Amino acid sequence: MTKRVIILVIVLAGWCLAPPALLAAQQAPTTTDDEAATPPEEEATPETPSEKPTGETPETGEEKDVTTPVEGEKIAEPPVVLPEGETAIETDPGIEGTKAGTKDAETGKEGTETGTEGTETSPGDVVTPAPEKYPEVETSQRNFIKGDLIYPGTRRLLSRFDHVGVSLGASLIDNDVWATVSPGMAWYFDFGLAVSAHVPMRLLAVDIAGSDYSFGGLKIRRQDWDEVADFAKIIRFITYGRKEDNIYATINTMRPATIGHGMLMNNYQGDIDVDRSLTGLIFDAYNDYAGCQLQINDITIQNQVFAGLAFVKPLSIFLDDYRSKSLSLGVEYVIDTKAPRCIRKSVDSAECVRGTGHTAGYSLYTGETLDESFVRTDPDSGRFAVKDVAVNAIGGSVEFKFYKDDVADLKVYGTYHQFLNQGGGGGAAAGILARLNIGQKWISAFRIRGEYRTFGDGFQPAYFNTLYEIQKYSFLQSARYYQVAPTKYQQVFGDPENGFERVEHGRRHGFNVDLNWGLFKGRRSAKQVALGLGIQDSTGPYDTNMYVHLEFPMLEWLQIFGTYMRTDVDGLAKVFTESTDFIVLTGMRLMVFPGMFINAHYSRSYRTIASPGVELHLGNDTIVDVNNNPSPFFKQDSLHENVHMFFAEVEFGWEFDDDDDE
C-alpha cells in the first residue's frame, strides 16, 4: 500500500509541475518595475468582468490579482515580500505556512506550541505587524481583499522582520513547571523565499506531585525529542510564494491543511498533541487551465497522511471570460496509511482491546478479572501499541463563479466523496461562497460560506480534521455505544472482529456555515481586527462542531488573538454547557522597547496521559457484574487528557529592517 501511495504522490507531483510550465510558456513579461514590486492583493487593483480574469487557486476559491496599476498612478514602495499573508502559520510543532506577500504576511512563528513552548502543535501563528513606514496607497480603484481573513488555531506571534534572538521563559504543562530556552532566526528574501529555524528546549524546573514539589534538575523534556519526527521541528518554515500564487510551497510545523472544499480534510493539524511534533509539506500550483494541491503531514514519513487534488478548467481552452475560466472540475484523494485500527494490549501482545464482551468482577476458578480492557504503554516511549490499517477516500467536485465585480465575488460548488476502506460510506455537499468588500480607505472584508451536506453510515465530513491526531486513537465523545472508547476507524467504519459493530444512524442531513470579517486599512497587509465563527451540525448525534476566533493586531505595541473550539458535541445547546474536551488557544505579544518583547500564551489542548510502562483501564461503567453493577475498583482511563498549558517568556533579539534607508 505504501509503495502505491508513493507512486500516486509522484504522479500528482508531475501533474502539479505541469501548470507552472504551461504558465511560463503562455505569459510574456509585460510588467513594469513598479508592477513587479507590487505584492499580490496589496497595491494591485482588482479586475472587473471586462478585464482579463484572474487565475484561481485549487478549488479554494482564492485568486491571484493579475491586473496592472492605473496609468499615472503612484504606487508606494511595498515592504519586502515574504510568505503567507498576514498570519503566519508555521509553528514549531505548531503549524502553518507562509505566503510570499509582504513581510507581515509571514506564516512563520516563534516556537511550535500547542499551548506551551517547545513541542507545540496547532494551527498557526500570526506575524506581528510593525509600524507602517509607507504612505497609504492612493488608488482610483477599489483594493479588493480576498483569501482567508482569519486563522483559527493560531498559537504564536512572530516578528515580520528579518531577525535573530533568543526567548527565555517558563511554561506550565498540567502541574509541572518548565524553563524554556529557544534561540531562533527568521529571514525573508525579496524573491519570495522565507526561512526560519529555532531549537526549542523545555527543561524541568519544578516537579509537582500533589502537594509535594521539588527541583526538577533542568532535565530536558523527554516527550519533546523521543520520536524521529520530533527532530524536524527545528524548521519553523521554509516557504516559497504565498497561498494565492501560481506556485506555492512550504515545509513547516505545521500549517493546518484543507484540501478542496474540506469535505475530507479540513484544517487538519498534525501537532495538536503537545507530546508530538510533525513537520509537513504543502505544495500548490495552478494556471488558467489546470492545477493541483499536495499535502504530506510528516517529511520524515514516520506518519503517513497524504492528500492531493488535481483540477482542470475545460472551458478556458476555448473562452476568455471570467465565468468560463472559473468553471473547475476536480478530483481529490486522501489516505492515512498508518491509521490505528485498534489498540493492542501491549507492545508484546498482538491482541486488541475489544469493544464488547467484558464483565466486572473476577473468575471463581482462576481469580483473574473478567474485565480485559487493560492496556500497558510502551516501556520506552510511553505511547500505546496499535494495529495499523489504511483509511482512504476519493472524491470529485465542481465549482463555478457566477458573479464578480469590485464589491462582490460569488461562486457555487458541489462535491461527492466516498471512503474506499471496509465499512466506508459516501457523502455529498453543495454550497455557496461569497466574498464582499465595503469601503476603500478602511475596507471591511467579508467571507461567507453556507453549505448543505448529506451523508450515510460509514462517512464523516472532515474526517481528517483539527483533532484527527487525537481522535484516531480514541474518539472523543460522550456516547457510550461500546464498553471501551473506539478509535476513529472503529467509530466510523466499525470493526466487528474486535467487537465494534458499525453504528447505524441512517441518512443524515446537515449544514456548514462560516462567517468571517476583517477590517483593513487600505490594503491586505494592514489588517486591524478580524472575527470568525463557524458551525457544523447534522441530524445525527454528536455531529456538532464550532469555533470562534479573534485577531487584534491593530496596535503597534500590543497584539492579541484567541480561538475556542468544540468538536463532536451532541447538539448546539451543549457547546458551552459541557466543560470537558474543548480547545482554547490564546496569546499576547507586548513590545517593551525595540529588541525586547514579552510573549504570553494560554491554551487548553491535549497530551498523552501515561508514562512509560504504565497500565491503563480503558473500560467504562457499562462493564457490569451479574448484579448489573459496575466495578468499584477500576475507573476509566483516557489515552489523552485535556490539559491546561501556559507559558510566558521574554524575547531578546535584533530585527534587521531593510527599509530603514527608504
# chains A, B, ... in the order shown; residues from 1 in each chain; ligands from 1
$ residues_around --residues "Val643 of chain A" --least-positions-apart "5" --cutoff "9 Å" --atoms "only C-alpha atoms" --output "PyMOL selection string"
chain A and resi 173-174+603-607
$ closest_atom_pairs --of "segment 260-375 of chain A" --to "segment 408-425 of chain A" --cutoff "10 Å" --atoms "only C-alpha atoms" --output "tab-separated table"
residue	atom	partner	partner_atom	distance
A:Gly260	CA	A:Thr415	CA	9.3
A:His261	CA	A:Thr415	CA	8.1
A:Gly262	CA	A:Thr415	CA	9.8
A:Met263	CA	A:His417	CA	7.6
A:Leu264	CA	A:His417	CA	7.6
A:Arg323	CA	A:Lys411	CA	9.7
A:Ser326	CA	A:Lys411	CA	8.8
A:Leu327	CA	A:Tyr413	CA	9.6
A:Ser328	CA	A:Tyr413	CA	9.3
A:Leu329	CA	A:Tyr413	CA	10.0
A:Gly330	CA	A:Thr415	CA	9.2
A:Val331	CA	A:His417	CA	9.4
A:Glu332	CA	A:His417	CA	8.6
A:Tyr333	CA	A:His417	CA	9.1
A:Val334	CA	A:Phe419	CA	9.3
A:Ile335	CA	A:Phe419	CA	9.6
$ atom_distance --atom1 "atom CA of Thr180 of chain A" --atom2 "atom CA of Ser167 of chain A"
7.6 Å
$ residues_around --residues "Asp162 of chain A" --least-positions-apart "5" --cutoff "8 Å" --atoms "only C-alpha atoms" --output "PyMOL selection string"
chain A and resi 185-188+655-657
$ select_by_dssp --residues "segment 215-391 of chain A" --states "strand (DSSP E)" --output "NGL selection string"
:A and (215 or 235-240 or 247-252 or 280-286 or 290-296 or 305-312 or 328-343 or 374-376 or 386-391)
$ select_by_dssp --residues "segment 284-463 of chain A" --states "helix (DSSP H, G or I)" --output "list in words"
Pro314, Leu315, Ser316, Ile317, Tyr322, Arg323, Ser324, Lys325 and Ser326 of chain A
$ write_last_selection --atoms "N, CA, C and O atoms" --output "compact mmCIF listing (two decimals), in the first residue's frame"
# COMPACT_ATOMS: atom_id res chain seq x y z
N PRO A 314 -11.94 23.24 -18.15
CA PRO A 314 -12.08 22.85 -19.56
C PRO A 314 -12.48 23.99 -20.50
O PRO A 314 -12.02 24.04 -21.64
N LEU A 315 -13.31 24.91 -20.04
CA LEU A 315 -13.79 25.96 -20.94
C LEU A 315 -12.75 27.04 -21.20
O LEU A 315 -12.86 27.80 -22.17
N SER A 316 -11.71 27.12 -20.35
CA SER A 316 -10.71 28.17 -20.52
C SER A 316 -9.88 27.96 -21.78
O SER A 316 -9.21 28.88 -22.25
N ILE A 317 -9.91 26.75 -22.34
CA ILE A 317 -9.18 26.48 -23.58
C ILE A 317 -9.82 27.21 -24.76
O ILE A 317 -9.15 27.64 -25.69
N TYR A 322 -14.38 35.53 -17.49
CA TYR A 322 -14.08 35.03 -16.15
C TYR A 322 -15.00 33.88 -15.75
O TYR A 322 -14.59 32.97 -15.01
N ARG A 323 -16.23 33.85 -16.25
CA ARG A 323 -17.12 32.75 -15.90
C ARG A 323 -16.60 31.42 -16.48
O ARG A 323 -16.60 30.40 -15.80
N SER A 324 -16.17 31.47 -17.72
CA SER A 324 -15.66 30.24 -18.34
C SER A 324 -14.40 29.76 -17.65
O SER A 324 -14.20 28.56 -17.43
N LYS A 325 -13.54 30.71 -17.30
CA LYS A 325 -12.28 30.32 -16.66
C LYS A 325 -12.48 29.92 -15.20
O LYS A 325 -11.56 29.37 -14.59
N SER A 326 -13.64 30.19 -14.64
CA SER A 326 -13.87 29.81 -13.25
C SER A 326 -14.49 28.43 -13.11
O SER A 326 -14.51 27.86 -12.02
$ atom_distance --atom1 "atom CA of Arg502 of chain A" --atom2 "atom CA of Ser349 of chain A"
25.0 Å
$ residues_around --residues "Ile343 of chain A" --least-positions-apart "4" --cutoff "8 Å" --atoms "only C-alpha atoms" --output "number ranges by chain"
A: 352-353, 384-387, 473, 487
$ write_last_selection --atoms "N, CA and C atoms" --output "short mmCIF file (atom, residue, chain, number, x, y, z; two decimals), in the first residue's frame"
data_model
loop_
_atom_site.label_atom_id
_atom_site.label_comp_id
_atom_site.auth_asym_id
_atom_site.auth_seq_id
_atom_site.Cartn_x
_atom_site.Cartn_y
_atom_site.Cartn_z
N CYS A 352 -6.02 -7.16 20.43
CA CYS A 352 -6.58 -5.83 20.59
C CYS A 352 -7.62 -5.82 21.71
N VAL A 353 -7.81 -4.65 22.30
CA VAL A 353 -8.87 -4.49 23.29
C VAL A 353 -10.21 -4.51 22.57
N PHE A 384 1.04 4.07 23.21
CA PHE A 384 0.30 2.83 23.21
C PHE A 384 0.50 2.10 21.89
N ALA A 385 0.43 0.79 21.95
CA ALA A 385 0.63 -0.04 20.75
C ALA A 385 -0.69 -0.13 19.99
N VAL A 386 -0.61 -0.17 18.67
CA VAL A 386 -1.81 -0.23 17.83
C VAL A 386 -1.60 -1.20 16.68
N LYS A 387 -2.70 -1.60 16.06
CA LYS A 387 -2.67 -2.28 14.77
C LYS A 387 -3.05 -1.26 13.71
N TYR A 473 -6.80 7.71 17.79
CA TYR A 473 -6.52 6.74 18.85
C TYR A 473 -7.73 6.52 19.76
N THR A 487 -11.37 3.64 18.50
CA THR A 487 -10.56 4.50 17.65
C THR A 487 -11.50 5.18 16.65
#
$ atom_distance --atom1 "atom CA of Pro541 of chain A" --atom2 "atom CA of Asn297 of chain A"
29.7 Å
$ residues_around --residues "segment 548-559 of chain A" --least-positions-apart "5" --cutoff "10 Å" --atoms "only C-alpha atoms" --output "ChimeraX atom specification"
/A:86-87,126-132,149-154,157,515-521,526-535,564-566,584-594,597-599
$ write_last_selection --atoms "N, CA and C atoms" --output "short mmCIF file (atom, residue, chain, number, x, y, z; two decimals), in the first residue's frame"
data_model
loop_
_atom_site.label_atom_id
_atom_site.label_comp_id
_atom_site.auth_asym_id
_atom_site.auth_seq_id
_atom_site.Cartn_x
_atom_site.Cartn_y
_atom_site.Cartn_z
N GLU A 86 -1.00 37.48 6.22
CA GLU A 86 -0.70 38.19 7.41
C GLU A 86 -0.51 37.31 8.59
N THR A 87 -1.09 36.17 8.57
CA THR A 87 -0.87 35.38 9.73
C THR A 87 0.11 34.33 9.37
N VAL A 126 0.61 34.11 14.08
CA VAL A 126 0.33 35.37 13.43
C VAL A 126 1.58 36.22 13.47
N VAL A 127 1.91 36.81 12.34
CA VAL A 127 3.07 37.68 12.31
C VAL A 127 2.68 39.03 12.86
N THR A 128 3.46 39.58 13.75
CA THR A 128 3.11 40.86 14.34
C THR A 128 3.39 41.98 13.37
N PRO A 129 2.41 42.86 13.17
CA PRO A 129 2.64 43.96 12.26
C PRO A 129 3.59 44.98 12.88
N ALA A 130 4.49 45.51 12.08
CA ALA A 130 5.40 46.54 12.55
C ALA A 130 4.82 47.90 12.20
N PRO A 131 5.38 48.98 12.79
CA PRO A 131 4.87 50.32 12.45
C PRO A 131 4.92 50.56 10.96
N GLU A 132 3.86 51.13 10.41
CA GLU A 132 3.84 51.38 8.97
C GLU A 132 4.85 52.46 8.61
N LEU A 149 -9.41 35.36 5.84
CA LEU A 149 -9.40 36.56 6.66
C LEU A 149 -8.98 36.26 8.09
N ILE A 150 -9.14 35.02 8.53
CA ILE A 150 -8.77 34.63 9.89
C ILE A 150 -8.00 33.33 9.85
N TYR A 151 -7.38 33.00 10.96
CA TYR A 151 -6.59 31.77 11.07
C TYR A 151 -6.88 31.09 12.40
N PRO A 152 -8.02 30.40 12.50
CA PRO A 152 -8.34 29.69 13.75
C PRO A 152 -7.24 28.68 14.07
N GLY A 153 -6.85 28.63 15.33
CA GLY A 153 -5.78 27.73 15.72
C GLY A 153 -4.45 28.41 15.84
N THR A 154 -4.40 29.74 15.65
CA THR A 154 -3.17 30.47 15.83
C THR A 154 -2.62 30.23 17.23
N LEU A 157 2.86 34.48 18.03
CA LEU A 157 3.10 35.71 17.29
C LEU A 157 4.58 35.83 16.98
N LEU A 515 -18.66 32.39 8.92
CA LEU A 515 -18.84 33.84 8.84
C LEU A 515 -17.55 34.51 9.30
N ASN A 516 -16.84 35.15 8.40
CA ASN A 516 -15.57 35.80 8.72
C ASN A 516 -15.62 37.27 8.31
N TRP A 517 -15.02 38.12 9.15
CA TRP A 517 -14.95 39.56 8.86
C TRP A 517 -13.59 40.09 9.26
N GLY A 518 -13.04 40.95 8.43
CA GLY A 518 -11.78 41.59 8.74
C GLY A 518 -11.81 43.06 8.35
N LEU A 519 -11.18 43.91 9.15
CA LEU A 519 -11.07 45.33 8.85
C LEU A 519 -9.63 45.64 8.47
N PHE A 520 -9.44 46.24 7.28
CA PHE A 520 -8.12 46.51 6.74
C PHE A 520 -7.98 48.01 6.46
N LYS A 521 -6.80 48.54 6.72
CA LYS A 521 -6.53 49.95 6.46
C LYS A 521 -5.95 50.11 5.05
N ALA A 526 -2.47 45.43 5.94
CA ALA A 526 -2.73 46.31 7.08
C ALA A 526 -4.00 45.89 7.81
N LYS A 527 -4.06 44.63 8.22
CA LYS A 527 -5.21 44.14 8.98
C LYS A 527 -5.24 44.82 10.34
N GLN A 528 -6.45 45.23 10.77
CA GLN A 528 -6.63 45.90 12.05
C GLN A 528 -7.32 45.01 13.08
N VAL A 529 -8.31 44.28 12.65
CA VAL A 529 -9.04 43.39 13.54
C VAL A 529 -9.78 42.37 12.67
N ALA A 530 -10.00 41.17 13.20
CA ALA A 530 -10.73 40.14 12.44
C ALA A 530 -11.49 39.24 13.41
N LEU A 531 -12.67 38.80 12.96
CA LEU A 531 -13.52 37.92 13.76
C LEU A 531 -14.00 36.77 12.88
N GLY A 532 -14.24 35.61 13.49
CA GLY A 532 -14.75 34.48 12.73
C GLY A 532 -15.61 33.56 13.58
N LEU A 533 -16.61 32.96 12.95
CA LEU A 533 -17.48 31.99 13.60
C LEU A 533 -17.79 30.89 12.61
N GLY A 534 -17.67 29.64 13.03
CA GLY A 534 -18.00 28.51 12.18
C GLY A 534 -18.82 27.49 12.94
N ILE A 535 -19.87 26.97 12.32
CA ILE A 535 -20.74 25.98 12.95
C ILE A 535 -21.06 24.88 11.95
N TYR A 564 -11.58 29.46 20.30
CA TYR A 564 -12.30 28.47 21.10
C TYR A 564 -12.90 27.46 20.14
N MET A 565 -12.65 26.16 20.39
CA MET A 565 -13.13 25.10 19.50
C MET A 565 -13.83 24.00 20.30
N ARG A 566 -14.91 23.48 19.72
CA ARG A 566 -15.56 22.29 20.25
C ARG A 566 -15.82 21.33 19.09
N VAL A 584 -8.84 25.72 23.70
CA VAL A 584 -8.72 27.16 23.81
C VAL A 584 -7.28 27.51 23.46
N LEU A 585 -7.09 28.49 22.58
CA LEU A 585 -5.76 28.95 22.18
C LEU A 585 -5.76 30.47 22.25
N THR A 586 -4.93 31.05 23.10
CA THR A 586 -4.87 32.50 23.23
C THR A 586 -3.42 32.94 23.32
N GLY A 587 -3.16 34.18 22.95
CA GLY A 587 -1.80 34.68 23.03
C GLY A 587 -1.73 36.20 23.02
N MET A 588 -0.63 36.71 23.55
CA MET A 588 -0.39 38.15 23.59
C MET A 588 1.09 38.40 23.34
N ARG A 589 1.40 39.45 22.58
CA ARG A 589 2.79 39.87 22.35
C ARG A 589 2.89 41.36 22.66
N LEU A 590 3.71 41.71 23.63
CA LEU A 590 3.86 43.09 24.09
C LEU A 590 5.28 43.56 23.83
N MET A 591 5.44 44.67 23.11
CA MET A 591 6.75 45.25 22.89
C MET A 591 7.07 46.20 24.03
N VAL A 592 8.08 45.83 24.85
CA VAL A 592 8.52 46.69 25.94
C VAL A 592 9.32 47.86 25.37
N PHE A 593 10.27 47.53 24.51
CA PHE A 593 11.00 48.51 23.71
C PHE A 593 11.64 47.73 22.58
N PRO A 594 12.12 48.42 21.53
CA PRO A 594 12.70 47.68 20.39
C PRO A 594 13.79 46.72 20.85
N PHE A 597 10.62 41.86 23.89
CA PHE A 597 9.19 41.58 23.83
C PHE A 597 8.82 40.62 24.96
N ILE A 598 7.60 40.72 25.39
CA ILE A 598 7.04 39.75 26.34
C ILE A 598 5.95 38.98 25.62
N ASN A 599 6.08 37.66 25.59
CA ASN A 599 5.09 36.78 24.97
C ASN A 599 4.40 35.96 26.06
#
